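Below is one structure, written out as structure tokens; the observations come after it.
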Amino acid sequence: MLENEFNISKDHKAAIVSIITPSLEHHTTLNETNSSLNELEKLLDTLGVPVKSRYTQNRKKLDPGTLIGSGKLKEIAQEMKDQEISLLVFDCELGPGQIKNIKNITGIDV
């Protein structure tokens, strides 16, 4: 299995994450970002993975290490642990380093 491959189990409960920023096409407004999150939620529902929370972060530019910043990730991680959510799904493409950094900060599968 490749390092970036993953398996999604129906036992997972997911939180979905996106960003509102002028740096990313189709994510420049709250409406665009919500539309993207709605589509992602439908895809996860098709896989049988319930979405329990959704998060967005407004940023002028993307954080190169984590996309949304470590402070927001720590906030999300605490809420996810309280809700027993085991999967964090971003609606933007993440690089291997970003995935690793997010996992290290949150302790949650990405």
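Identifiers in the structure tokens: chain A, B, ... in order shown; residue index from 1 per chain; ligand index from 1 in order shown.
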
Contacts of stretch 65-73 of chain A within 8 Å, only C-alpha atoms, excl. fewer than 2 positions in-chain, as a PDB file with N, CA, C and O atoms, in the first residue's frame:
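Result written to out32.pdb:
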ATOM      1  N   ILE A  19     -11.691  25.645   3.513  1.00  0.00           N
ATOM      2  CA  ILE A  19     -11.087  26.959   3.718  1.00  0.00           C
ATOM      3  C   ILE A  19     -11.754  27.963   2.785  1.00  0.00           C
ATOM      4  O   ILE A  19     -12.217  27.609   1.703  1.00  0.00           O
ATOM      5  N   GLN A  57     -12.424  27.681   7.673  1.00  0.00           N
ATOM      6  CA  GLN A  57     -11.468  28.655   8.201  1.00  0.00           C
ATOM      7  C   GLN A  57     -11.271  29.736   7.151  1.00  0.00           C
ATOM      8  O   GLN A  57     -11.023  29.430   5.978  1.00  0.00           O
ATOM      9  N   ARG A  59      -8.963  32.488   5.638  1.00  0.00           N
ATOM     10  CA  ARG A  59      -7.535  32.833   5.641  1.00  0.00           C
ATOM     11  C   ARG A  59      -7.221  33.649   4.397  1.00  0.00           C
ATOM     12  O   ARG A  59      -7.740  33.363   3.320  1.00  0.00           O
ATOM     13  N   LEU A  62      -3.020  30.377   2.278  1.00  0.00           N
ATOM     14  CA  LEU A  62      -2.969  29.023   2.813  1.00  0.00           C
ATOM     15  C   LEU A  62      -1.753  28.845   3.716  1.00  0.00           C
ATOM     16  O   LEU A  62      -0.679  29.377   3.435  1.00  0.00           O
ATOM     17  N   ASP A  63      -1.912  28.092   4.781  1.00  0.00           N
ATOM     18  CA  ASP A  63      -0.785  27.717   5.623  1.00  0.00           C
ATOM     19  C   ASP A  63      -0.074  26.561   4.911  1.00  0.00           C
ATOM     20  O   ASP A  63      -0.682  25.519   4.678  1.00  0.00           O
ATOM     21  N   GLU A  75      -8.188  23.336  17.854  1.00  0.00           N
ATOM     22  CA  GLU A  75      -9.593  23.569  18.222  1.00  0.00           C
ATOM     23  C   GLU A  75     -10.482  22.450  17.670  1.00  0.00           C
ATOM     24  O   GLU A  75     -11.315  21.891  18.380  1.00  0.00           O
ATOM     25  N   ILE A  76     -10.285  22.114  16.400  1.00  0.00           N
ATOM     26  CA  ILE A  76     -11.054  21.044  15.763  1.00  0.00           C
ATOM     27  C   ILE A  76     -10.792  19.715  16.465  1.00  0.00           C
ATOM     28  O   ILE A  76     -11.720  18.956  16.745  1.00  0.00           O
ATOM     29  N   ALA A  77      -9.533  19.419  16.746  1.00  0.00           N
ATOM     30  CA  ALA A  77      -9.178  18.135  17.367  1.00  0.00           C
ATOM     31  C   ALA A  77      -9.875  17.957  18.706  1.00  0.00           C
ATOM     32  O   ALA A  77     -10.377  16.869  19.008  1.00  0.00           O
ATOM     33  N   LEU A  94      -4.425  17.701  -0.231  1.00  0.00           N
ATOM     34  CA  LEU A  94      -3.337  17.890   0.723  1.00  0.00           C
ATOM     35  C   LEU A  94      -2.107  17.132   0.249  1.00  0.00           C
ATOM     36  O   LEU A  94      -2.217  16.042  -0.298  1.00  0.00           O
ATOM     37  N   GLY A  97       3.229  15.961   3.284  1.00  0.00           N
ATOM     38  CA  GLY A  97       3.721  16.673   4.454  1.00  0.00           C
ATOM     39  C   GLY A  97       2.586  17.298   5.254  1.00  0.00           C
ATOM     40  O   GLY A  97       2.601  17.286   6.492  1.00  0.00           O
ATOM     41  N   GLN A  98       1.601  17.845   4.551  1.00  0.00           N
ATOM     42  CA  GLN A  98       0.454  18.433   5.234  1.00  0.00           C
ATOM     43  C   GLN A  98      -0.339  17.361   5.986  1.00  0.00           C
ATOM     44  O   GLN A  98      -0.743  17.570   7.130  1.00  0.00           O
ATOM     45  N   ILE A  99      -0.542  16.222   5.357  1.00  0.00           N
ATOM     46  CA  ILE A  99      -1.260  15.124   6.007  1.00  0.00           C
ATOM     47  C   ILE A  99      -0.536  14.714   7.283  1.00  0.00           C
ATOM     48  O   ILE A  99      -1.148  14.567   8.345  1.00  0.00           O
ATOM     49  N   ASN A 101       1.605  16.493   9.088  1.00  0.00           N
ATOM     50  CA  ASN A 101       1.527  17.571  10.073  1.00  0.00           C
ATOM     51  C   ASN A 101       0.157  17.615  10.753  1.00  0.00           C
ATOM     52  O   ASN A 101       0.065  17.782  11.968  1.00  0.00           O
ATOM     53  N   ILE A 102      -0.896  17.449   9.978  1.00  0.00           N
ATOM     54  CA  ILE A 102      -2.253  17.491  10.528  1.00  0.00           C
ATOM     55  C   ILE A 102      -2.472  16.321  11.480  1.00  0.00           C
ATOM     56  O   ILE A 102      -3.022  16.491  12.569  1.00  0.00           O
ATOM     57  N   ILE A 105      -0.638  17.005  14.765  1.00  0.00           N
ATOM     58  CA  ILE A 105      -1.285  18.021  15.594  1.00  0.00           C
ATOM     59  C   ILE A 105      -2.566  17.498  16.219  1.00  0.00           C
ATOM     60  O   ILE A 105      -2.843  17.734  17.392  1.00  0.00           O
ATOM     61  N   THR A 106      -3.364  16.756  15.435  1.00  0.00           N
ATOM     62  CA  THR A 106      -4.694  16.353  15.883  1.00  0.00           C
ATOM     63  C   THR A 106      -4.733  14.967  16.501  1.00  0.00           C
ATOM     64  O   THR A 106      -5.612  14.680  17.321  1.00  0.00           O
TER      65      THR A 106
END

Residue set, stretch 7-102 of chain A restricted to alpha helix (DSSP H), as a CSV table (one decimal) with N, CA and C atoms, in the first residue's frame:
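After the write, out.csv holds the following:
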chain,number,residue,atom,x,y,z
A,30,LEU,N,-17.9,32.1,1.2
A,30,LEU,CA,-18.6,31.1,2.0
A,30,LEU,C,-19.5,30.2,1.2
A,31,ASN,N,-20.3,30.8,0.3
A,31,ASN,CA,-21.2,30.0,-0.5
A,31,ASN,C,-20.5,29.0,-1.4
A,32,GLU,N,-19.4,29.4,-2.0
A,32,GLU,CA,-18.6,28.4,-2.8
A,32,GLU,C,-18.1,27.3,-1.9
A,33,THR,N,-17.5,27.6,-0.8
A,33,THR,CA,-17.0,26.6,0.1
A,33,THR,C,-18.1,25.7,0.7
A,34,ASN,N,-19.2,26.3,1.0
A,34,ASN,CA,-20.3,25.4,1.5
A,34,ASN,C,-20.8,24.5,0.4
A,35,SER,N,-20.9,24.9,-0.8
A,35,SER,CA,-21.3,24.1,-1.9
A,35,SER,C,-20.3,22.9,-2.0
A,36,SER,N,-19.0,23.2,-1.9
A,36,SER,CA,-18.0,22.1,-2.0
A,36,SER,C,-18.2,21.1,-0.8
A,37,LEU,N,-18.4,21.7,0.4
A,37,LEU,CA,-18.6,20.8,1.5
A,37,LEU,C,-19.9,19.9,1.4
A,38,ASN,N,-20.9,20.5,0.8
A,38,ASN,CA,-22.1,19.7,0.6
A,38,ASN,C,-21.9,18.6,-0.3
A,39,GLU,N,-21.1,18.8,-1.4
A,39,GLU,CA,-20.8,17.7,-2.3
A,39,GLU,C,-19.9,16.6,-1.6
A,40,LEU,N,-19.0,17.1,-0.8
A,40,LEU,CA,-18.1,16.1,-0.1
A,40,LEU,C,-18.9,15.3,0.9
A,41,GLU,N,-19.9,15.9,1.6
A,41,GLU,CA,-20.7,15.2,2.5
A,41,GLU,C,-21.6,14.2,1.8
A,42,LYS,N,-22.1,14.5,0.7
A,42,LYS,CA,-22.8,13.5,-0.1
A,42,LYS,C,-22.0,12.3,-0.5
A,43,LEU,N,-20.7,12.6,-0.9
A,43,LEU,CA,-19.8,11.5,-1.3
A,43,LEU,C,-19.5,10.6,-0.1
A,44,LEU,N,-19.3,11.2,1.1
A,44,LEU,CA,-19.1,10.3,2.3
A,44,LEU,C,-20.3,9.6,2.7
A,45,ASP,N,-21.5,10.2,2.5
A,45,ASP,CA,-22.7,9.5,2.8
A,45,ASP,C,-22.9,8.3,1.8
A,46,THR,N,-22.5,8.4,0.6
A,46,THR,CA,-22.5,7.3,-0.4
A,46,THR,C,-21.6,6.1,0.1
A,70,SER,N,-2.3,25.7,12.7
A,70,SER,CA,-2.3,24.8,13.8
A,70,SER,C,-3.3,25.1,14.9
A,71,GLY,N,-3.5,26.4,15.1
A,71,GLY,CA,-4.5,26.8,16.1
A,71,GLY,C,-5.9,26.3,15.8
A,72,LYS,N,-6.3,26.4,14.6
A,72,LYS,CA,-7.7,26.0,14.2
A,72,LYS,C,-7.7,24.4,14.3
A,73,LEU,N,-6.6,23.8,13.9
A,73,LEU,CA,-6.5,22.3,14.0
A,73,LEU,C,-6.7,21.8,15.4
A,74,LYS,N,-6.0,22.5,16.3
A,74,LYS,CA,-6.1,22.1,17.8
A,74,LYS,C,-7.5,22.3,18.3
A,75,GLU,N,-8.2,23.3,17.9
A,75,GLU,CA,-9.6,23.6,18.2
A,75,GLU,C,-10.5,22.5,17.7
A,76,ILE,N,-10.3,22.1,16.4
A,76,ILE,CA,-11.1,21.0,15.8
A,76,ILE,C,-10.8,19.7,16.5
A,77,ALA,N,-9.5,19.4,16.7
A,77,ALA,CA,-9.2,18.1,17.4
A,77,ALA,C,-9.9,18.0,18.7
A,78,GLN,N,-9.9,19.0,19.5
A,78,GLN,CA,-10.6,18.9,20.8
A,78,GLN,C,-12.1,18.6,20.6
A,79,GLU,N,-12.7,19.3,19.7
A,79,GLU,CA,-14.2,19.1,19.5
A,79,GLU,C,-14.4,17.7,19.0
A,80,MET,N,-13.5,17.2,18.1
A,80,MET,CA,-13.7,15.9,17.5
A,80,MET,C,-13.5,14.8,18.6
A,81,LYS,N,-12.6,15.0,19.5
A,81,LYS,CA,-12.4,14.0,20.6
A,81,LYS,C,-13.7,14.0,21.5
A,82,ASP,N,-14.2,15.2,21.8
A,82,ASP,CA,-15.4,15.2,22.6
A,82,ASP,C,-16.6,14.5,21.9
A,96,PRO,N,1.6,15.1,1.1
A,96,PRO,CA,2.0,14.2,2.1
A,96,PRO,C,2.5,14.9,3.4
A,97,GLY,N,3.2,16.0,3.3
A,97,GLY,CA,3.7,16.7,4.5
A,97,GLY,C,2.6,17.3,5.3
A,98,GLN,N,1.6,17.8,4.6
A,98,GLN,CA,0.5,18.4,5.2
A,98,GLN,C,-0.3,17.4,6.0
A,99,ILE,N,-0.5,16.2,5.4
A,99,ILE,CA,-1.3,15.1,6.0
A,99,ILE,C,-0.5,14.7,7.3
A,100,LYS,N,0.8,14.6,7.2
A,100,LYS,CA,1.6,14.2,8.3
A,100,LYS,C,1.5,15.2,9.4
A,101,ASN,N,1.6,16.5,9.1
A,101,ASN,CA,1.5,17.6,10.1
A,101,ASN,C,0.2,17.6,10.8
A,102,ILE,N,-0.9,17.4,10.0
A,102,ILE,CA,-2.3,17.5,10.5
A,102,ILE,C,-2.5,16.3,11.5

Residue neighbourhood A:His12, 12 Å, only C-alpha atoms, exclusion window fewer than 2 positions, as a CSV table (one decimal) with N, CA and C atoms, in the first residue's frame:
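Output contents, as saved in around-v4.csv:
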chain,number,residue,atom,x,y,z
A,7,ASN,N,-7.9,3.6,3.9
A,7,ASN,CA,-9.1,2.9,3.9
A,7,ASN,C,-10.1,3.6,4.7
A,8,ILE,N,-11.3,3.8,4.2
A,8,ILE,CA,-12.4,4.4,5.0
A,8,ILE,C,-13.3,3.3,5.5
A,9,SER,N,-13.5,3.2,6.8
A,9,SER,CA,-14.4,2.2,7.3
A,9,SER,C,-15.7,2.8,7.6
A,10,LYS,N,-16.8,2.0,7.5
A,10,LYS,CA,-18.1,2.5,7.9
A,10,LYS,C,-18.2,2.7,9.4
A,14,ALA,N,-17.1,11.1,10.6
A,14,ALA,CA,-16.2,12.1,10.0
A,14,ALA,C,-16.5,13.5,10.4
A,15,ALA,N,-15.5,14.4,10.3
A,15,ALA,CA,-15.7,15.8,10.3
A,15,ALA,C,-15.1,16.3,8.9
A,44,LEU,N,-19.3,11.2,1.1
A,44,LEU,CA,-19.1,10.3,2.3
A,44,LEU,C,-20.3,9.6,2.7
A,45,ASP,N,-21.5,10.2,2.5
A,45,ASP,CA,-22.7,9.5,2.8
A,45,ASP,C,-22.9,8.3,1.8
A,47,LEU,N,-20.5,6.5,0.8
A,47,LEU,CA,-19.6,5.5,1.3
A,47,LEU,C,-20.1,4.9,2.7
A,48,GLY,N,-21.2,5.5,3.2
A,48,GLY,CA,-21.7,5.0,4.5
A,48,GLY,C,-21.0,5.6,5.7
A,49,VAL,N,-20.3,6.7,5.5
A,49,VAL,CA,-19.6,7.4,6.6
A,49,VAL,C,-20.4,8.6,7.0
A,50,PRO,N,-20.9,8.7,8.2
A,50,PRO,CA,-21.7,9.8,8.6
A,50,PRO,C,-20.8,11.0,8.9
A,51,VAL,N,-21.2,12.2,8.5
A,51,VAL,CA,-20.5,13.4,8.8
A,51,VAL,C,-21.2,14.1,10.0
A,52,LYS,N,-20.4,14.2,11.1
A,52,LYS,CA,-20.9,14.7,12.3
A,52,LYS,C,-20.6,16.2,12.5
A,80,MET,N,-13.5,17.2,18.1
A,80,MET,CA,-13.7,15.9,17.5
A,80,MET,C,-13.5,14.8,18.6
A,83,GLN,N,-16.7,14.5,20.6
A,83,GLN,CA,-17.8,13.9,19.8
A,83,GLN,C,-17.4,12.5,19.3
A,84,GLU,N,-16.2,12.0,19.7
A,84,GLU,CA,-15.8,10.7,19.3
A,84,GLU,C,-15.7,10.5,17.7
A,85,ILE,N,-15.3,11.6,17.1
A,85,ILE,CA,-15.1,11.5,15.6
A,85,ILE,C,-13.7,11.1,15.3
A,86,SER,N,-13.6,10.1,14.3
A,86,SER,CA,-12.3,9.4,14.1
A,86,SER,C,-11.7,9.7,12.7
A,87,LEU,N,-12.3,10.6,11.9
A,87,LEU,CA,-11.8,10.8,10.6
A,87,LEU,C,-12.0,12.3,10.2
A,88,LEU,N,-10.9,12.9,9.8
A,88,LEU,CA,-10.9,14.3,9.4
A,88,LEU,C,-10.7,14.3,7.8
A,89,VAL,N,-11.7,14.9,7.1
A,89,VAL,CA,-11.7,14.9,5.7
A,89,VAL,C,-11.7,16.3,5.1
A,108,ILE,N,-5.6,12.5,14.8
A,108,ILE,CA,-6.8,11.9,14.1
A,108,ILE,C,-6.4,11.5,12.7
A,109,ASP,N,-7.0,10.4,12.2
A,109,ASP,CA,-6.8,10.1,10.8
A,109,ASP,C,-7.2,11.1,9.8
A,110,VAL,N,-6.5,11.4,8.8
A,110,VAL,CA,-6.8,12.4,7.7
A,110,VAL,C,-7.0,11.7,6.4

For A:Ser18, list every protein, DNA or RNA residue within 6 Å, evaluated using only C-alpha atoms, and leave out those in the same chain fewer than 5 positions away; present the list as a PyMOL selection string. chain A and resi 56+90-91

Restricting the output to N, CA, C and O atoms, write the selected residues as a PDB file, in the first residue's frame.
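Saved to selection.pdb:
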ATOM      1  N   THR A  56     -14.963  25.412   8.726  1.00  0.00           N
ATOM      2  CA  THR A  56     -14.347  26.254   7.704  1.00  0.00           C
ATOM      3  C   THR A  56     -13.429  27.246   8.405  1.00  0.00           C
ATOM      4  O   THR A  56     -13.633  27.597   9.566  1.00  0.00           O
ATOM      5  N   PHE A  90     -10.646  16.648   4.363  1.00  0.00           N
ATOM      6  CA  PHE A  90     -10.524  17.974   3.761  1.00  0.00           C
ATOM      7  C   PHE A  90     -11.082  17.936   2.347  1.00  0.00           C
ATOM      8  O   PHE A  90     -10.935  16.942   1.642  1.00  0.00           O
ATOM      9  N   ASP A  91     -11.700  19.022   1.923  1.00  0.00           N
ATOM     10  CA  ASP A  91     -12.205  19.065   0.556  1.00  0.00           C
ATOM     11  C   ASP A  91     -11.213  19.726  -0.389  1.00  0.00           C
ATOM     12  O   ASP A  91     -11.539  20.085  -1.499  1.00  0.00           O
TER      13      ASP A  91
END

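Straight-line separation from atom CA of A:Lys103 to atom CA of A:Glu25: 25.3 Å.
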
How many Å separate atom CA of A:His26 from atom CA of A:Ser53? 21.1 Å

As a ChimeraX atom specification, please: every residue in stretch 20-102 of chain A that DSSP puts in strand (DSSP E or B). /A:20,51-58,63,67,87-90

For the residues in the current selection, export all heavy atoms as a tab-separated table (two decimals), in the first residue's frame.
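The result, written out as again_26.tsv:
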chain	number	residue	atom	x	y	z
A	20	ILE	N	-11.85	29.19	3.26
A	20	ILE	CA	-12.33	30.30	2.44
A	20	ILE	C	-11.14	31.22	2.25
A	20	ILE	O	-10.60	31.75	3.23
A	20	ILE	CB	-13.48	31.05	3.14
A	20	ILE	CG1	-14.62	30.10	3.48
A	20	ILE	CG2	-13.97	32.21	2.27
A	20	ILE	CD1	-15.60	30.63	4.49
A	51	VAL	N	-21.22	12.20	8.45
A	51	VAL	CA	-20.51	13.45	8.76
A	51	VAL	C	-21.18	14.06	9.98
A	51	VAL	O	-22.35	14.38	9.96
A	51	VAL	CB	-20.53	14.42	7.57
A	51	VAL	CG1	-19.95	15.77	7.95
A	51	VAL	CG2	-19.78	13.82	6.38
A	52	LYS	N	-20.41	14.21	11.06
A	52	LYS	CA	-20.94	14.72	12.32
A	52	LYS	C	-20.64	16.20	12.54
A	52	LYS	O	-21.32	16.85	13.33
A	52	LYS	CB	-20.38	13.91	13.50
A	52	LYS	CG	-20.77	12.45	13.45
A	52	LYS	CD	-22.27	12.30	13.57
A	52	LYS	CE	-22.69	10.85	13.59
A	52	LYS	NZ	-24.13	10.70	13.66
A	53	SER	N	-19.62	16.73	11.87
A	53	SER	CA	-19.25	18.14	12.02
A	53	SER	C	-18.64	18.66	10.73
A	53	SER	O	-18.10	17.90	9.94
A	53	SER	CB	-18.23	18.33	13.15
A	53	SER	OG	-18.77	18.00	14.38
A	54	ARG	N	-18.75	19.98	10.56
A	54	ARG	CA	-18.09	20.65	9.44
A	54	ARG	C	-17.43	21.91	9.95
A	54	ARG	O	-17.95	22.57	10.82
A	54	ARG	CB	-19.01	20.96	8.27
A	54	ARG	CG	-20.41	21.00	8.52
A	54	ARG	CD	-21.38	21.21	7.38
A	54	ARG	NE	-20.97	21.85	6.16
A	54	ARG	CZ	-21.55	21.68	4.99
A	54	ARG	NH1	-22.57	20.88	4.89
A	54	ARG	NH2	-21.16	22.29	3.93
A	55	TYR	N	-16.26	22.18	9.39
A	55	TYR	CA	-15.46	23.33	9.82
A	55	TYR	C	-14.97	24.10	8.61
A	55	TYR	O	-14.60	23.51	7.60
A	55	TYR	CB	-14.24	22.86	10.62
A	55	TYR	CG	-14.59	22.09	11.85
A	55	TYR	CD1	-14.63	20.70	11.83
A	55	TYR	CD2	-14.88	22.74	13.04
A	55	TYR	CE1	-14.95	19.98	12.97
A	55	TYR	CE2	-15.20	22.02	14.19
A	55	TYR	CZ	-15.24	20.64	14.14
A	55	TYR	OH	-15.56	19.94	15.26
A	56	THR	N	-14.96	25.41	8.73
A	56	THR	CA	-14.35	26.25	7.70
A	56	THR	C	-13.43	27.25	8.40
A	56	THR	O	-13.63	27.60	9.57
A	56	THR	CB	-15.40	27.04	6.88
A	56	THR	OG1	-16.19	27.83	7.76
A	56	THR	CG2	-16.27	26.10	6.07
A	57	GLN	N	-12.42	27.68	7.67
A	57	GLN	CA	-11.47	28.66	8.20
A	57	GLN	C	-11.27	29.74	7.15
A	57	GLN	O	-11.02	29.43	5.98
A	57	GLN	CB	-10.14	27.96	8.52
A	57	GLN	CG	-9.02	28.88	8.92
A	57	GLN	CD	-9.18	29.45	10.33
A	57	GLN	OE1	-10.23	29.37	10.93
A	57	GLN	NE2	-8.13	30.03	10.84
A	58	ASN	N	-11.43	30.99	7.54
A	58	ASN	CA	-11.12	32.12	6.67
A	58	ASN	C	-9.64	32.45	6.78
A	58	ASN	O	-9.15	32.63	7.89
A	58	ASN	CB	-11.93	33.36	7.10
A	58	ASN	CG	-13.39	33.24	6.76
A	58	ASN	OD1	-13.75	33.06	5.61
A	58	ASN	ND2	-14.24	33.34	7.76
A	63	ASP	N	-1.91	28.09	4.78
A	63	ASP	CA	-0.78	27.72	5.62
A	63	ASP	C	-0.07	26.56	4.91
A	63	ASP	O	-0.68	25.52	4.68
A	63	ASP	CB	-1.29	27.27	7.00
A	63	ASP	CG	-0.16	26.90	7.93
A	63	ASP	OD1	0.55	25.91	7.63
A	63	ASP	OD2	0.02	27.57	8.95
A	67	LEU	N	-2.53	23.85	5.85
A	67	LEU	CA	-3.60	24.45	5.07
A	67	LEU	C	-4.38	25.48	5.89
A	67	LEU	O	-4.54	26.61	5.47
A	67	LEU	CB	-4.56	23.40	4.50
A	67	LEU	CG	-5.59	23.91	3.50
A	67	LEU	CD1	-4.95	24.26	2.18
A	67	LEU	CD2	-6.70	22.91	3.29
A	87	LEU	N	-12.31	10.59	11.94
A	87	LEU	CA	-11.78	10.84	10.60
A	87	LEU	C	-11.95	12.30	10.24
A	87	LEU	O	-13.04	12.86	10.39
A	87	LEU	CB	-12.51	9.96	9.58
A	87	LEU	CG	-12.07	10.05	8.12
A	87	LEU	CD1	-10.64	9.56	7.95
A	87	LEU	CD2	-13.02	9.25	7.25
A	88	LEU	N	-10.89	12.93	9.77
A	88	LEU	CA	-10.90	14.32	9.35
A	88	LEU	C	-10.72	14.34	7.84
A	88	LEU	O	-9.72	13.83	7.32
A	88	LEU	CB	-9.75	15.04	10.05
A	88	LEU	CG	-9.66	16.54	10.00
A	88	LEU	CD1	-10.93	17.19	10.54
A	88	LEU	CD2	-8.46	17.01	10.81
A	89	VAL	N	-11.70	14.89	7.11
A	89	VAL	CA	-11.67	14.88	5.65
A	89	VAL	C	-11.66	16.32	5.14
A	89	VAL	O	-12.56	17.10	5.45
A	89	VAL	CB	-12.91	14.13	5.07
A	89	VAL	CG1	-12.83	14.09	3.55
A	89	VAL	CG2	-13.01	12.73	5.65
A	90	PHE	N	-10.65	16.65	4.36
A	90	PHE	CA	-10.52	17.97	3.76
A	90	PHE	C	-11.08	17.94	2.35
A	90	PHE	O	-10.94	16.94	1.64
A	90	PHE	CB	-9.05	18.39	3.71
A	90	PHE	CG	-8.50	18.81	5.04
A	90	PHE	CD1	-8.19	17.87	6.00
A	90	PHE	CD2	-8.29	20.15	5.31
A	90	PHE	CE1	-7.68	18.25	7.23
A	90	PHE	CE2	-7.78	20.55	6.54
A	90	PHE	CZ	-7.48	19.60	7.50
